[in-house]
file final.cif (mmCIF, C-alpha atoms)
data_start
loop_
_atom_site.group_PDB
_atom_site.id
_atom_site.type_symbol
_atom_site.label_atom_id
_atom_site.label_comp_id
_atom_site.auth_asym_id
_atom_site.auth_seq_id
_atom_site.Cartn_x
_atom_site.Cartn_y
_atom_site.Cartn_z
ATOM 1 C CA MET P 1128 0.000 0.000 0.000
ATOM 2 C CA TYR P 1129 1.612 3.244 -1.185
ATOM 3 C CA VAL P 1130 1.336 6.329 1.007
ATOM 4 C CA GLY P 1131 2.446 9.875 0.227
ATOM 5 C CA ILE P 1132 2.921 12.505 2.919
ATOM 6 C CA ASP P 1133 3.174 16.236 2.267
ATOM 7 C CA VAL P 1134 5.117 17.576 5.252
ATOM 8 C CA ALA P 1135 4.707 21.090 6.639
ATOM 9 C CA LYS P 1136 6.054 22.604 9.837
ATOM 10 C CA ALA P 1137 2.885 21.938 11.847
ATOM 11 C CA SER P 1138 0.858 19.534 9.723
ATOM 12 C CA LEU P 1139 0.945 16.392 7.575
ATOM 13 C CA GLN P 1140 -1.314 15.677 4.615
ATOM 14 C CA VAL P 1141 -1.491 11.933 4.035
ATOM 15 C CA CYS P 1142 -2.663 10.220 0.853
ATOM 16 C CA VAL P 1143 -3.218 6.452 0.659
ATOM 17 C CA LEU P 1144 -3.583 4.910 -2.799
ATOM 18 C CA THR P 1145 -6.630 2.836 -1.996
ATOM 19 C CA SER P 1146 -9.619 2.655 -4.317
ATOM 20 C CA PRO P 1147 -10.936 5.274 -3.957
ATOM 21 C CA VAL P 1148 -7.939 7.318 -2.793
ATOM 22 C CA GLN P 1149 -8.027 8.337 0.879
ATOM 23 C CA GLN P 1150 -6.787 11.705 2.156
ATOM 24 C CA GLN P 1151 -6.260 12.424 5.836
ATOM 25 C CA PRO P 1152 -4.584 15.316 7.728
ATOM 26 C CA PHE P 1153 -2.501 14.872 10.882
ATOM 27 C CA SER P 1154 -0.505 17.195 13.097
ATOM 28 C CA ASN P 1155 3.277 17.113 12.749
ATOM 29 C CA THR P 1156 3.763 16.246 16.418
ATOM 30 C CA LYS P 1157 4.496 13.041 18.289
ATOM 31 C CA ALA P 1158 0.789 12.659 19.033
ATOM 32 C CA GLY P 1159 0.074 13.165 15.336
ATOM 33 C CA TRP P 1160 2.671 10.531 14.385
ATOM 34 C CA GLN P 1161 1.053 8.065 16.795
ATOM 35 C CA ALA P 1162 -2.365 8.776 15.272
ATOM 36 C CA LEU P 1163 -0.874 8.266 11.802
ATOM 37 C CA ASP P 1164 0.602 4.939 12.930
ATOM 38 C CA ARG P 1165 -2.824 3.757 14.107
ATOM 39 C CA TYR P 1166 -4.365 4.921 10.838
ATOM 40 C CA LEU P 1167 -1.817 3.098 8.657
ATOM 41 C CA SER P 1168 -1.939 -0.105 10.709
ATOM 42 C CA GLN P 1169 -5.186 -1.124 8.987
ATOM 43 C CA TRP P 1170 -3.138 -2.043 5.875
ATOM 44 C CA ASP P 1171 -0.378 -4.586 5.397
ATOM 45 C CA ASP P 1172 3.002 -3.880 3.764
ATOM 46 C CA VAL P 1173 2.773 -0.075 3.785
ATOM 47 C CA TRP P 1174 5.380 1.953 1.861
ATOM 48 C CA VAL P 1175 5.537 5.612 2.899
ATOM 49 C CA ALA P 1176 7.202 8.323 0.833
ATOM 50 C CA LEU P 1177 7.831 11.955 1.750
ATOM 51 C CA GLU P 1178 9.951 14.776 0.442
ATOM 52 C CA ALA P 1179 13.259 15.762 1.996
ATOM 53 C CA THR P 1180 12.101 18.966 3.697
ATOM 54 C CA GLY P 1181 14.992 19.700 6.003
ATOM 55 C CA THR P 1182 14.248 19.279 9.695
ATOM 56 C CA TYR P 1183 10.428 19.270 9.411
ATOM 57 C CA GLY P 1184 10.276 15.621 8.362
ATOM 58 C CA ASP P 1185 13.241 14.214 10.298
ATOM 59 C CA GLY P 1186 11.324 13.200 13.412
ATOM 60 C CA LEU P 1187 8.496 11.627 11.404
ATOM 61 C CA THR P 1188 10.949 9.687 9.240
ATOM 62 C CA HIS P 1189 12.665 8.164 12.285
ATOM 63 C CA TYR P 1190 9.328 7.389 13.924
ATOM 64 C CA LEU P 1191 7.960 5.570 10.860
ATOM 65 C CA PHE P 1192 11.194 3.617 10.405
ATOM 66 C CA GLU P 1193 11.167 2.488 14.033
ATOM 67 C CA ALA P 1194 7.499 1.485 13.575
ATOM 68 C CA HIS P 1195 8.748 -0.899 10.829
ATOM 69 C CA TYR P 1196 7.261 0.839 7.804
ATOM 70 C CA ARG P 1197 9.075 1.035 4.509
ATOM 71 C CA VAL P 1198 10.125 4.682 4.216
ATOM 72 C CA SER P 1199 11.577 6.627 1.273
ATOM 73 C CA VAL P 1200 12.769 10.226 1.525
ATOM 74 C CA VAL P 1201 12.747 11.758 -1.961
ATOM 75 C CA ASN P 1202 14.462 14.835 -3.334
ATOM 76 C CA PRO P 1203 11.727 17.494 -3.913
ATOM 77 C CA ALA P 1204 13.186 18.220 -7.365
ATOM 78 C CA ARG P 1205 12.358 14.657 -8.420
ATOM 79 C CA ILE P 1206 8.771 15.041 -7.231
ATOM 80 C CA LYS P 1207 8.469 18.373 -9.047
ATOM 81 C CA ALA P 1208 9.805 16.873 -12.282
ATOM 82 C CA TYR P 1209 7.445 13.915 -11.905
ATOM 83 C CA GLY P 1210 4.523 16.295 -11.435
ATOM 84 C CA LYS P 1211 5.429 18.097 -14.666
ATOM 85 C CA SER P 1212 5.566 14.765 -16.489
ATOM 86 C CA GLN P 1213 2.033 14.085 -15.218
ATOM 87 C CA MET P 1214 0.960 17.573 -16.376
ATOM 88 C CA LYS P 1215 -0.070 18.623 -12.882
ATOM 89 C CA ARG P 1216 -1.071 22.280 -13.007
ATOM 90 C CA HIS P 1217 -2.563 22.783 -9.556
ATOM 91 C CA LYS P 1218 -0.746 22.648 -6.236
ATOM 92 C CA THR P 1219 -2.404 21.903 -2.926
ATOM 93 C CA ASP P 1220 -1.296 19.790 0.023
ATOM 94 C CA ALA P 1221 -3.711 17.031 -0.999
ATOM 95 C CA ILE P 1222 -2.530 17.066 -4.622
ATOM 96 C CA ASP P 1223 1.116 17.014 -3.515
ATOM 97 C CA ALA P 1224 0.502 14.058 -1.162
ATOM 98 C CA HIS P 1225 -1.198 12.135 -3.975
ATOM 99 C CA LEU P 1226 1.677 12.945 -6.334
ATOM 100 C CA ILE P 1227 4.259 11.691 -3.800
ATOM 101 C CA ALA P 1228 2.315 8.458 -3.292
ATOM 102 C CA ASP P 1229 2.039 7.895 -7.032
ATOM 103 C CA PHE P 1230 5.755 8.617 -7.450
ATOM 104 C CA CYS P 1231 6.479 5.937 -4.850
ATOM 105 C CA ARG P 1232 4.228 3.474 -6.682
ATOM 106 C CA THR P 1233 5.744 4.004 -10.128
ATOM 107 C CA GLN P 1234 9.373 4.881 -9.360
ATOM 108 C CA GLN P 1235 10.098 2.604 -6.375
ATOM 109 C CA PRO P 1236 12.606 4.983 -4.703
ATOM 110 C CA ILE P 1237 15.382 3.621 -2.505
ATOM 111 C CA LEU P 1238 14.479 2.905 1.096
ATOM 112 C CA TRP P 1239 15.675 5.279 3.802
ATOM 113 C CA GLN P 1240 18.161 4.040 6.386
ATOM 114 C CA PRO P 1241 18.980 5.967 9.584
ATOM 115 C CA MET P 1242 22.444 7.353 10.153
ATOM 116 C CA SER P 1243 24.454 6.443 13.229
ATOM 117 C CA ALA P 1244 24.019 8.658 16.294
ATOM 118 C CA GLU P 1245 27.437 10.258 15.795
ATOM 119 C CA ALA P 1246 26.709 10.897 12.104
ATOM 120 C CA GLU P 1247 23.353 12.498 12.983
ATOM 121 C CA GLU P 1248 25.123 14.748 15.488
ATOM 122 C CA LEU P 1249 27.690 15.704 12.864
ATOM 123 C CA ARG P 1250 24.943 16.597 10.398
ATOM 124 C CA GLU P 1251 23.285 18.912 12.930
ATOM 125 C CA LEU P 1252 26.597 20.549 13.796
ATOM 126 C CA VAL P 1253 27.410 21.152 10.136
ATOM 127 C CA ARG P 1254 23.922 22.469 9.390
ATOM 128 C CA HIS P 1255 24.307 24.903 12.286
ATOM 129 C CA LEU P 1256 27.676 26.043 10.942
ATOM 130 C CA ASN P 1257 26.193 26.581 7.478
ATOM 131 C CA ASP P 1258 23.348 28.624 8.973
ATOM 132 C CA LEU P 1259 25.835 30.798 10.860
ATOM 133 C CA LYS P 1260 27.843 31.411 7.686
ATOM 134 C CA GLN P 1261 24.705 32.375 5.786
ATOM 135 C CA SER P 1262 23.746 34.807 8.547
ATOM 136 C CA ARG P 1263 27.213 36.364 8.469
ATOM 137 C CA GLN P 1264 27.101 36.739 4.691
ATOM 138 C CA ARG P 1265 23.677 38.359 4.934
ATOM 139 C CA GLU P 1266 25.002 40.928 7.408
ATOM 140 C CA LYS P 1267 28.082 41.558 5.264
ATOM 141 C CA ASN P 1268 25.792 42.244 2.313
ATOM 142 C CA ARG P 1269 23.899 44.769 4.431
ATOM 143 C CA LEU P 1270 27.189 46.442 5.359
ATOM 144 C CA GLU P 1271 28.295 46.596 1.710
ATOM 145 C CA ALA P 1272 25.060 48.446 0.947
ATOM 146 C CA LYS P 1273 26.586 51.272 3.039
ATOM 147 C CA PRO P 1274 23.783 52.227 5.470
ATOM 148 C CA LYS P 1275 23.822 55.938 6.247
ATOM 149 C CA SER P 1276 23.098 55.481 9.942
ATOM 150 C CA ARG P 1277 26.274 55.130 12.020
ATOM 151 C CA ILE P 1278 24.286 53.334 14.707
ATOM 152 C CA VAL P 1279 23.105 50.713 12.188
ATOM 153 C CA VAL P 1280 26.646 50.271 10.820
ATOM 154 C CA LYS P 1281 28.031 49.798 14.332
ATOM 155 C CA GLN P 1282 25.407 47.197 15.258
ATOM 156 C CA ILE P 1283 25.947 45.282 12.001
ATOM 157 C CA GLU P 1284 29.700 45.231 12.660
ATOM 158 C CA GLN P 1285 29.097 44.002 16.205
ATOM 159 C CA LEU P 1286 26.773 41.280 14.906
ATOM 160 C CA ILE P 1287 29.353 40.173 12.316
ATOM 161 C CA GLY P 1288 31.974 39.986 15.069
ATOM 162 C CA TYR P 1289 29.652 37.876 17.204
ATOM 163 C CA LEU P 1290 28.900 35.554 14.275
ATOM 164 C CA ASP P 1291 32.638 35.198 13.577
ATOM 165 C CA LYS P 1292 33.135 33.937 17.128
ATOM 166 C CA GLN P 1293 30.145 31.596 16.821
ATOM 167 C CA ILE P 1294 31.502 30.204 13.536
ATOM 168 C CA GLU P 1295 34.907 29.640 15.123
ATOM 169 C CA GLN P 1296 33.286 27.836 18.054
ATOM 170 C CA ALA P 1297 31.017 25.748 15.780
ATOM 171 C CA THR P 1298 34.016 24.718 13.656
ATOM 172 C CA GLU P 1299 35.916 23.644 16.762
ATOM 173 C CA ASN P 1300 32.870 21.647 17.951
ATOM 174 C CA ILE P 1301 32.818 19.796 14.626
ATOM 175 C CA ARG P 1302 36.543 19.078 14.820
ATOM 176 C CA ARG P 1303 36.224 17.796 18.400
ATOM 177 C CA HIS P 1304 33.220 15.615 17.501
ATOM 178 C CA ILE P 1305 34.994 13.981 14.546
ATOM 179 C CA ASN P 1306 38.155 13.371 16.579
ATOM 180 C CA GLN P 1307 36.119 11.715 19.346
ATOM 181 C CA HIS P 1308 34.657 9.056 17.028
ATOM 182 C CA SER P 1309 37.148 6.728 15.398
ATOM 183 C CA HIS P 1310 34.963 5.880 12.386
ATOM 184 C CA LEU P 1311 34.386 9.540 11.514
ATOM 185 C CA LYS P 1312 38.060 10.325 12.188
ATOM 186 C CA SER P 1313 39.306 7.589 9.849
ATOM 187 C CA GLN P 1314 36.935 8.680 7.075
ATOM 188 C CA SER P 1315 37.921 12.328 7.530
ATOM 189 C CA ASP P 1316 41.614 11.390 7.364
ATOM 190 C CA LEU P 1317 41.029 9.497 4.116
ATOM 191 C CA LEU P 1318 39.169 12.431 2.574
ATOM 192 C CA THR P 1319 41.758 15.011 3.621
ATOM 193 C CA SER P 1320 44.491 12.889 2.023
ATOM 194 C CA ILE P 1321 43.105 14.187 -1.304
ATOM 195 C CA PRO P 1322 44.863 17.452 -2.286
ATOM 196 C CA GLY P 1323 42.145 20.106 -2.393
ATOM 197 C CA ILE P 1324 39.939 18.632 0.334
ATOM 198 C CA GLY P 1325 40.524 20.107 3.768
ATOM 199 C CA PHE P 1326 38.972 19.334 7.123
ATOM 200 C CA GLN P 1327 35.899 21.533 6.680
ATOM 201 C CA THR P 1328 35.114 20.067 3.272
ATOM 202 C CA SER P 1329 35.516 16.534 4.621
ATOM 203 C CA ALA P 1330 33.054 17.402 7.406
ATOM 204 C CA GLN P 1331 30.557 18.681 4.819
ATOM 205 C CA VAL P 1332 30.886 15.479 2.770
ATOM 206 C CA LEU P 1333 30.467 13.190 5.783
ATOM 207 C CA ALA P 1334 27.545 15.216 7.160
ATOM 208 C CA GLN P 1335 25.626 15.528 3.897
ATOM 209 C CA LEU P 1336 26.302 12.102 2.375
ATOM 210 C CA GLY P 1337 26.867 9.933 5.436
ATOM 211 C CA ASP P 1338 28.810 6.715 4.964
ATOM 212 C CA LEU P 1339 29.887 6.666 1.308
ATOM 213 C CA THR P 1340 30.278 2.886 1.390
ATOM 214 C CA ARG P 1341 26.478 2.538 1.325
ATOM 215 C CA PHE P 1342 26.495 3.650 -2.325
ATOM 216 C CA THR P 1343 27.013 0.842 -4.846
ATOM 217 C CA ASP P 1344 28.267 3.178 -7.583
ATOM 218 C CA VAL P 1345 29.987 6.561 -7.656
ATOM 219 C CA ARG P 1346 27.345 7.802 -10.104
ATOM 220 C CA GLN P 1347 24.819 7.578 -7.268
ATOM 221 C CA VAL P 1348 27.001 9.899 -5.195
ATOM 222 C CA VAL P 1349 27.378 12.392 -8.060
ATOM 223 C CA ALA P 1350 23.624 12.345 -8.700
ATOM 224 C CA MET P 1351 22.835 12.829 -5.011
ATOM 225 C CA VAL P 1352 24.968 15.966 -4.941
ATOM 226 C CA GLY P 1353 23.389 17.153 -8.205
ATOM 227 C CA LEU P 1354 26.608 17.306 -10.228
ATOM 228 C CA ASP P 1355 25.587 14.808 -12.889
ATOM 229 C CA PRO P 1356 25.610 16.422 -16.364
ATOM 230 C CA THR P 1357 22.359 16.965 -18.258
ATOM 231 C CA LEU P 1358 22.063 16.576 -22.007
ATOM 232 C CA ARG P 1359 19.583 18.033 -24.476
ATOM 233 C CA GLN P 1360 18.806 17.006 -28.036
ATOM 234 C CA SER P 1361 16.514 18.771 -30.445
ATOM 235 C CA GLY P 1362 15.744 17.400 -33.906
ATOM 236 C CA SER P 1363 18.883 16.789 -35.896
ATOM 237 C CA SER P 1364 21.071 18.963 -33.671
ATOM 238 C CA MET P 1365 23.925 17.337 -31.773
ATOM 239 C CA ASN P 1366 23.754 16.341 -28.134
ATOM 240 C CA TYR P 1367 25.405 18.920 -25.937
ATOM 241 C CA THR P 1368 25.896 19.444 -22.234
ATOM 242 C CA VAL P 1369 23.713 22.223 -20.880
ATOM 243 C CA GLY P 1370 24.703 22.106 -17.247
ATOM 244 C CA ILE P 1371 24.239 19.978 -14.159
ATOM 245 C CA ALA P 1372 21.122 18.407 -12.692
ATOM 246 C CA ARG P 1373 21.117 20.562 -9.511
ATOM 247 C CA MET P 1374 18.762 18.064 -7.859
ATOM 248 C CA GLY P 1375 20.991 17.329 -4.885
ATOM 249 C CA HIS P 1376 22.678 19.085 -1.977
ATOM 250 C CA ALA P 1377 23.188 22.737 -2.931
ATOM 251 C CA SER P 1378 25.212 23.343 0.238
ATOM 252 C CA LEU P 1379 27.605 20.518 -0.639
ATOM 253 C CA ARG P 1380 28.018 21.830 -4.186
ATOM 254 C CA ALA P 1381 28.893 25.202 -2.668
ATOM 255 C CA ALA P 1382 31.332 23.521 -0.268
ATOM 256 C CA LEU P 1383 33.118 21.782 -3.157
ATOM 257 C CA TYR P 1384 33.562 24.942 -5.257
ATOM 258 C CA MET P 1385 36.693 26.399 -3.645
ATOM 259 C CA PRO P 1386 38.315 22.966 -3.092
ATOM 260 C CA ALA P 1387 37.874 22.331 -6.826
ATOM 261 C CA ILE P 1388 39.735 25.558 -7.641
ATOM 262 C CA VAL P 1389 42.563 24.513 -5.294
ATOM 263 C CA ALA P 1390 42.618 20.953 -6.646
ATOM 264 C CA ALA P 1391 42.808 22.179 -10.242
ATOM 265 C CA ARG P 1392 46.063 23.921 -9.315
ATOM 266 C CA TYR P 1393 47.726 21.574 -6.834
ATOM 267 C CA ASN P 1394 46.231 18.077 -7.152
ATOM 268 C CA PRO P 1395 48.561 16.234 -9.590
ATOM 269 C CA LEU P 1396 45.748 14.223 -11.155
ATOM 270 C CA LEU P 1397 43.138 16.960 -11.306
ATOM 271 C CA LYS P 1398 45.593 19.576 -12.577
ATOM 272 C CA VAL P 1399 46.193 17.455 -15.692
ATOM 273 C CA PHE P 1400 42.467 16.754 -15.931
ATOM 274 C CA ALA P 1401 41.584 20.476 -15.725
ATOM 275 C CA GLU P 1402 44.170 21.360 -18.371
ATOM 276 C CA ARG P 1403 42.676 18.726 -20.657
ATOM 277 C CA MET P 1404 39.203 20.220 -20.149
ATOM 278 C CA VAL P 1405 40.544 23.697 -20.999
ATOM 279 C CA ASN P 1406 42.161 22.364 -24.168
ATOM 280 C CA ARG P 1407 38.816 20.861 -25.158
ATOM 281 C CA GLY P 1408 37.299 24.342 -25.080
ATOM 282 C CA LEU P 1409 35.335 24.187 -21.832
ATOM 283 C CA LYS P 1410 34.603 27.487 -20.119
ATOM 284 C CA PRO P 1411 36.220 28.182 -16.705
ATOM 285 C CA LEU P 1412 33.031 27.432 -14.728
ATOM 286 C CA GLN P 1413 32.505 24.204 -16.671
ATOM 287 C CA VAL P 1414 36.055 23.138 -15.803
ATOM 288 C CA ILE P 1415 35.451 23.847 -12.096
ATOM 289 C CA VAL P 1416 32.245 21.803 -12.127
ATOM 290 C CA ALA P 1417 34.054 18.935 -13.868
ATOM 291 C CA VAL P 1418 36.774 19.046 -11.184
ATOM 292 C CA MET P 1419 34.106 19.106 -8.442
ATOM 293 C CA ARG P 1420 32.681 15.944 -9.957
ATOM 294 C CA LYS P 1421 36.133 14.325 -10.075
ATOM 295 C CA LEU P 1422 36.718 15.233 -6.423
ATOM 296 C CA LEU P 1423 33.619 13.226 -5.559
ATOM 297 C CA HIS P 1424 35.014 10.310 -7.583
ATOM 298 C CA LEU P 1425 38.242 10.461 -5.569
ATOM 299 C CA ALA P 1426 36.347 10.835 -2.276
ATOM 300 C CA TYR P 1427 34.264 7.768 -3.086
ATOM 301 C CA GLY P 1428 37.395 5.857 -4.101
ATOM 302 C CA VAL P 1429 39.402 6.451 -0.921
ATOM 303 C CA ILE P 1430 36.418 5.679 1.338
ATOM 304 C CA LYS P 1431 35.305 2.605 -0.610
ATOM 305 C CA ASN P 1432 38.815 1.130 -0.718
ATOM 306 C CA GLN P 1433 39.870 2.402 2.723
ATOM 307 C CA ARG P 1434 43.130 3.668 1.252
ATOM 308 C CA PRO P 1435 44.459 7.256 1.253
ATOM 309 C CA PHE P 1436 44.931 9.182 -1.954
ATOM 310 C CA ASP P 1437 47.962 8.122 -3.991
#
call {"tool": "encode", "arguments": {"input": "final.cif", "output": "structure tokens"}}
result
Amino acid sequence: MYVGIDVAKASLQVCVLTSPVQQQPFSNTKAGWQALDRYLSQWDDVWVALEATGTYGDGLTHYLFEAHYRVSVVNPARIKAYGKSQMKRHKTDAIDAHLIADFCRTQQPILWQPMSAEAEELRELVRHLNDLKQSRQREKNRLEAKPKSRIVVKQIEQLIGYLDKQIEQATENIRRHINQHSHLKSQSDLLTSIPGIGFQTSAQVLAQLGDLTRFTDVRQVVAMVGLDPTLRQSGSSMNYTVGIARMGHASLRAALYMPAIVAARYNPLLKVFAERMVNRGLKPLQVIVAVMRKLLHLAYGVIKNQRPFD
């Protein structure tokens, strides 16, 4: 029995693909999850799908998994693309829940597996660090707009100083957490053996992707980050690359940007690779994206084989 859940901060819209289709709202609270469990228990072999909506669906996902339901957490971009393929023009919570359930029925997405407790903690720490950096950048943008009020300028500068200290503390918390757990420490050491990947980038990779050994193919990793190339063909025109899928972790793509620039200069393998891309006529940004993709290949390789970069 396929079930789609549209998750909001305070509510859940549930669609069950019975005949006829059943729609039912629940609160996004522990009491609401328990009521949902009782509701779904009337069917056997239930498969629940929901979109990856940040922290709003995390508690529900863990609850359903522990209640022994099949659970899939799907990238919202995939659901959106599926809706376009079904020519869905209207958008309501009920329509979205039905679309998610139908996506689960036809596409059979991979089943969700929980991360270890230390990996979950790392993810929260890294998310907090990313939020702090975004807040600092927002305040820097305000300062660059040159407010006329001296009082406003002073308070913005004070806030930026405070955020700098918070970022420094958050970074140290991440470093301490990784060093305290041998599995995370060994994976971080393997990743940082790759020229271009430093400690902070390794933390982003481990937090966003979890244990890379769970992937059976490096293409799954590339697709999850959203760095897989997209092709377009029209009539008799040639196939050509138009960009990347952008269906994965935007924050991880951002985290790989500067390491790719460094790797293109100092990583012996990727320097040759980047030069070859330039000689083929790729634009600078295309070369950087190609190097970002290759960094993921190397990251997957060292983790999968448990050997440092050579």
call {"tool": "atom_distance", "arguments": {"input": "final.cif", "atom1": "atom CA of P:Gly1159", "atom2": "atom CA of P:Ser1138"}}
result
8.5 Å
call {"tool": "closest_residue", "arguments": {"input": "final.cif", "among": "P:Leu1339, P:Ile1227, P:Ile1321, P:Ile1222", "to": "P:Val1175", "atoms": "all atoms listed in the file"}}
result
P:Ile1227
call {"tool": "closest_residue", "arguments": {"input": "final.cif", "among": "P:Tyr1209, P:Tyr1196, P:Tyr1289, P:Tyr1190", "to": "P:Asp1229", "atoms": "only C-alpha atoms"}}
result
P:Tyr1209
call {"tool": "atom_distance", "arguments": {"input": "final.cif", "atom1": "atom CA of P:Asn1432", "atom2": "atom CA of P:Ser1329"}}
result
16.6 Å
call {"tool": "atom_distance", "arguments": {"input": "final.cif", "atom1": "atom CA of P:Lys1136", "atom2": "atom CA of P:Thr1156"}}
result
9.4 Å
call {"tool": "resolve_selection", "arguments": {"input": "final.cif", "expression": "the PyMOL selection byres ((chain P and resi 1391-1398) around 9)", "output": "list of chain:residue names"}}
result
P:Ile1321, P:Pro1322, P:Gly1323, P:Pro1386, P:Ala1387, P:Ile1388, P:Val1389, P:Ala1390, P:Val1399, P:Phe1400, P:Ala1401, P:Glu1402, P:Arg1403, P:Val1414, P:Ile1415, P:Val1418, P:Lys1421, P:Leu1422
call {"tool": "resolve_selection", "arguments": {"input": "final.cif", "expression": "the PyMOL selection byres ((chain P and resi 1435) around 9)", "output": "PDB file with C-alpha atoms, in the frame of the given file"}}
result
ATOM      1  CA  ASP P1316      41.614  11.390   7.364  1.00  0.00           C
ATOM      2  CA  LEU P1317      41.029   9.497   4.116  1.00  0.00           C
ATOM      3  CA  LEU P1318      39.169  12.431   2.574  1.00  0.00           C
ATOM      4  CA  THR P1319      41.758  15.011   3.621  1.00  0.00           C
ATOM      5  CA  SER P1320      44.491  12.889   2.023  1.00  0.00           C
ATOM      6  CA  ILE P1321      43.105  14.187  -1.304  1.00  0.00           C
ATOM      7  CA  GLY P1428      37.395   5.857  -4.101  1.00  0.00           C
ATOM      8  CA  VAL P1429      39.402   6.451  -0.921  1.00  0.00           C
ATOM      9  CA  ILE P1430      36.418   5.679   1.338  1.00  0.00           C
ATOM     10  CA  ASN P1432      38.815   1.130  -0.718  1.00  0.00           C
ATOM     11  CA  GLN P1433      39.870   2.402   2.723  1.00  0.00           C
ATOM     12  CA  ARG P1434      43.130   3.668   1.252  1.00  0.00           C
ATOM     13  CA  PHE P1436      44.931   9.182  -1.954  1.00  0.00           C
ATOM     14  CA  ASP P1437      47.962   8.122  -3.991  1.00  0.00           C
TER      15      ASP P1437
END
call {"tool": "resolve_selection", "arguments": {"input": "final.cif", "expression": "the PyMOL selection byres ((chain P and resi 1246) around 9)", "output": "ChimeraX atom specification"}}
result
/P:1242-1245,1247-1251,1311,1333-1334,1337-1338
call {"tool": "closest_residue", "arguments": {"input": "final.cif", "among": "P:Ile1132, P:Val1332, P:Ala1208, P:Ala1417", "to": "P:Thr1188", "atoms": "all atoms listed in the file"}}
result
P:Ile1132
call {"tool": "closest_residue", "arguments": {"input": "final.cif", "among": "P:Lys1431, P:His1225, P:Lys1215, P:Arg1302", "to": "P:Val1253", "atoms": "all atoms listed in the file"}}
result
P:Arg1302
call {"tool": "residues_near_point", "arguments": {"input": "final.cif", "point": "(10.9, 4.6, 5.3)", "cutoff": "10 Å", "atoms": "only C-alpha atoms", "output": "list in words"}}
result
Val1173, Trp1174, Val1175, Ala1176, Leu1177, Leu1187, Thr1188, His1189, Tyr1190, Leu1191, Phe1192, Glu1193, Ala1194, His1195, Tyr1196, Arg1197, Val1198, Ser1199, Val1200, Ile1237, Leu1238, Trp1239, Gln1240 and Pro1241 of chain P
call {"tool": "axis_aligned_box", "arguments": {"input": "final.cif", "around": "stretch 1386-1401 of chain P", "padding_each_side": "3 Å", "output": "lines of an AutoDock Vina configuration file"}}
result
center_x = 43.2
center_y = 19.9
center_z = -9.5
size_x = 16.7
size_y = 17.3
size_z = 18.8
call {"tool": "closest_residue", "arguments": {"input": "final.cif", "among": "P:Val1148, P:Gly1325, P:Cys1142, P:Ala1297", "to": "P:Arg1254", "atoms": "only C-alpha atoms"}}
result
P:Ala1297
call {"tool": "residues_near_point", "arguments": {"input": "final.cif", "point": "(29.8, 35.4, 14.4)", "cutoff": "12 Å", "atoms": "all atoms listed in the file", "output": "list in words"}}
result
Leu1256, Asn1257, Asp1258, Leu1259, Lys1260, Gln1261, Ser1262, Arg1263, Gln1264, Arg1265, Glu1266, Lys1267, Ile1283, Glu1284, Gln1285, Leu1286, Ile1287, Gly1288, Tyr1289, Leu1290, Asp1291, Lys1292, Gln1293, Ile1294, Glu1295, Gln1296, Ala1297 and Thr1298 of chain P
call {"tool": "write_last_selection", "arguments": {"input": "final.cif", "atoms": "C-alpha atoms", "output": "compact mmCIF listing (two decimals), in the coordinates of the input"}}
result
# COMPACT_ATOMS: atom_id res chain seq x y z
CA LEU P 1256 27.68 26.04 10.94
CA ASN P 1257 26.19 26.58 7.48
CA ASP P 1258 23.35 28.62 8.97
CA LEU P 1259 25.84 30.80 10.86
CA LYS P 1260 27.84 31.41 7.69
CA GLN P 1261 24.70 32.38 5.79
CA SER P 1262 23.75 34.81 8.55
CA ARG P 1263 27.21 36.36 8.47
CA GLN P 1264 27.10 36.74 4.69
CA ARG P 1265 23.68 38.36 4.93
CA GLU P 1266 25.00 40.93 7.41
CA LYS P 1267 28.08 41.56 5.26
CA ILE P 1283 25.95 45.28 12.00
CA GLU P 1284 29.70 45.23 12.66
CA GLN P 1285 29.10 44.00 16.20
CA LEU P 1286 26.77 41.28 14.91
CA ILE P 1287 29.35 40.17 12.32
CA GLY P 1288 31.97 39.99 15.07
CA TYR P 1289 29.65 37.88 17.20
CA LEU P 1290 28.90 35.55 14.28
CA ASP P 1291 32.64 35.20 13.58
CA LYS P 1292 33.14 33.94 17.13
CA GLN P 1293 30.14 31.60 16.82
CA ILE P 1294 31.50 30.20 13.54
CA GLU P 1295 34.91 29.64 15.12
CA GLN P 1296 33.29 27.84 18.05
CA ALA P 1297 31.02 25.75 15.78
CA THR P 1298 34.02 24.72 13.66
call {"tool": "closest_residue", "arguments": {"input": "final.cif", "among": "P:Arg1420, P:Asn1300, P:Leu1383, P:His1376", "to": "P:Arg1346", "atoms": "all atoms listed in the file"}}
result
P:Arg1420
